Amino acid sequence: MNELVKRRNSRRAFLKMTALGGLAGASVALADTDKTMRPATAQELKERYPQSKKVKTICTHCSVGCGIVAEVVDGVWVRQEVAQDHPISQGGHCCKGADLIDRARSETRLRYPLEKKGGKWTRVKYDEAMDKIAAQLKQIREESGPDAVMFLGSAKCSNEQSYYIRKFAAFFGTNNIDHCARV
């Protein structure tokens with residue numbers, strides 16, 4: 001395997017290396033006899049957090065609308081599973097949906113409005129942030145006309161949210177609207 005790494009990087013060399021690495025990893029996993037890992041018990045698989053509240057929700061990554069069952073303990077999302085009876089996802093979800101819990105619990109997730117004041121980000125109230133945005137949009141429309149603004153949709157928006165964005169743009173007086181997935 002080291003010879004493959006030393007060789008000039010090519011697609012073929014990479015594929016050979018990953019195949020060998022996969023076999024090596026599998027053989028190590030099969031030969032591993034210490035008790036650092038063990039299979040989960042039936043009870044652990046069934047109910048890892050017995051005091052949790054199960055909440056059926058919709059994956060927010062894209063607008064497909066796959067179902068997720070979130071397990072919540074004291075307001076903290078601790079585990080998730082696929083909604084087996086959901087009519088859209090039919091008991092499955094993509095890798096992005098499987099990673100949804102990590103995004104929801106991320107330390108870098110924006111949880112409230114921020115405004116940069118004096119070079120530092122400071123927390124502001126939602127009403128204050130909305131009032132400032134509305135005032136700036138109104139000022140731009142009065143000074144430069146409604147076509148000076150463009151609205152962007154998102155692949156994370158549902159059909160209803162996309163409809164609202166389009167209607168808001170129309171009420172604002174512009175036809176300048178686009179979507180990130182079109183690029």
# chains A, B, ... in the order shown; residues from 1 in each chain; ligands from 1
>>> select_by_dssp(residues="segment 25-156 of chain A", states="strand (DSSP E or B)", output="CSV table (one decimal) with N, CA and C atoms, in the first residue's frame")
chain,number,residue,atom,x,y,z
A,53,LYS,N,-38.8,12.3,24.9
A,53,LYS,CA,-40.1,12.5,24.3
A,53,LYS,C,-39.8,12.4,22.8
A,54,LYS,N,-40.6,11.6,22.1
A,54,LYS,CA,-40.5,11.4,20.6
A,54,LYS,C,-41.3,12.5,19.9
A,55,VAL,N,-40.7,13.2,19.0
A,55,VAL,CA,-41.4,14.3,18.3
A,55,VAL,C,-41.2,14.0,16.8
A,56,LYS,N,-42.4,13.8,16.1
A,56,LYS,CA,-42.3,13.7,14.7
A,56,LYS,C,-42.1,15.0,14.1
A,57,THR,N,-41.2,15.1,13.1
A,57,THR,CA,-40.9,16.4,12.5
A,57,THR,C,-40.5,16.1,11.0
A,58,ILE,N,-40.2,17.2,10.3
A,58,ILE,CA,-39.8,17.1,8.9
A,58,ILE,C,-38.4,17.6,8.8
A,67,GLY,N,-39.5,12.5,6.7
A,67,GLY,CA,-39.9,12.4,8.1
A,67,GLY,C,-38.8,12.0,9.0
A,68,ILE,N,-38.7,12.6,10.1
A,68,ILE,CA,-37.8,12.3,11.1
A,68,ILE,C,-38.5,12.2,12.5
A,69,VAL,N,-38.1,11.2,13.3
A,69,VAL,CA,-38.6,11.2,14.7
A,69,VAL,C,-37.4,11.6,15.6
A,70,ALA,N,-37.6,12.8,16.2
A,70,ALA,CA,-36.5,13.3,17.1
A,70,ALA,C,-36.8,12.9,18.5
A,71,GLU,N,-35.8,12.5,19.2
A,71,GLU,CA,-36.0,12.2,20.6
A,71,GLU,C,-35.4,13.3,21.4
A,72,VAL,N,-36.2,13.9,22.3
A,72,VAL,CA,-35.8,15.1,23.0
A,72,VAL,C,-35.9,14.9,24.5
A,73,VAL,N,-34.8,15.3,25.2
A,73,VAL,CA,-34.7,15.2,26.7
A,73,VAL,C,-34.5,16.6,27.2
A,76,VAL,N,-33.4,19.1,24.7
A,76,VAL,CA,-32.2,18.9,23.9
A,76,VAL,C,-32.5,17.7,23.0
A,77,TRP,N,-32.2,17.9,21.8
A,77,TRP,CA,-32.3,16.8,20.8
A,77,TRP,C,-31.2,15.8,21.0
A,78,VAL,N,-31.5,14.6,21.4
A,78,VAL,CA,-30.4,13.6,21.8
A,78,VAL,C,-30.3,12.5,20.8
A,79,ARG,N,-31.3,12.2,20.0
A,79,ARG,CA,-31.2,11.1,19.1
A,79,ARG,C,-32.3,11.3,18.0
A,80,GLN,N,-32.1,10.7,16.9
A,80,GLN,CA,-33.1,10.7,15.8
A,80,GLN,C,-33.2,9.4,15.1
A,81,GLU,N,-34.3,9.1,14.6
A,81,GLU,CA,-34.5,8.0,13.7
A,81,GLU,C,-35.4,8.3,12.6
A,82,VAL,N,-35.5,7.5,11.6
A,82,VAL,CA,-36.3,7.7,10.4
A,82,VAL,C,-37.7,7.4,10.8
A,114,LEU,N,-27.9,38.7,14.9
A,114,LEU,CA,-26.6,39.4,15.3
A,114,LEU,C,-26.5,40.6,14.4
A,115,GLU,N,-25.9,41.7,15.0
A,115,GLU,CA,-25.6,42.9,14.2
A,115,GLU,C,-24.1,43.3,14.6
A,116,LYS,N,-23.4,43.7,13.6
A,116,LYS,CA,-22.0,44.1,13.8
A,116,LYS,C,-22.0,45.6,14.2
A,117,LYS,N,-21.6,45.8,15.4
A,117,LYS,CA,-21.5,47.2,16.0
A,117,LYS,C,-20.1,47.4,16.5
A,120,LYS,N,-17.7,44.3,16.3
A,120,LYS,CA,-18.0,43.1,17.1
A,120,LYS,C,-19.4,42.7,16.8
A,121,TRP,N,-19.7,41.4,16.7
A,121,TRP,CA,-21.0,40.9,16.6
A,121,TRP,C,-21.8,41.0,17.9
A,122,THR,N,-22.9,41.6,17.9
A,122,THR,CA,-23.7,41.7,19.2
A,122,THR,C,-25.1,41.2,18.9
A,123,ARG,N,-25.7,40.6,19.9
A,123,ARG,CA,-27.0,40.1,19.8
A,123,ARG,C,-28.1,41.2,19.8
A,151,PHE,N,-34.2,39.0,-4.7
A,151,PHE,CA,-34.6,38.1,-3.6
A,151,PHE,C,-34.1,36.7,-4.1
A,152,LEU,N,-33.5,36.0,-3.1
A,152,LEU,CA,-33.0,34.6,-3.4
A,152,LEU,C,-33.7,33.6,-2.6
>>> atom_distance(atom1="atom CA of Pro50 of chain A", atom2="atom CA of Arg105 of chain A")
20.3 Å
>>> atom_distance(atom1="atom CA of Lys125 of chain A", atom2="atom CA of Tyr112 of chain A")
7.9 Å
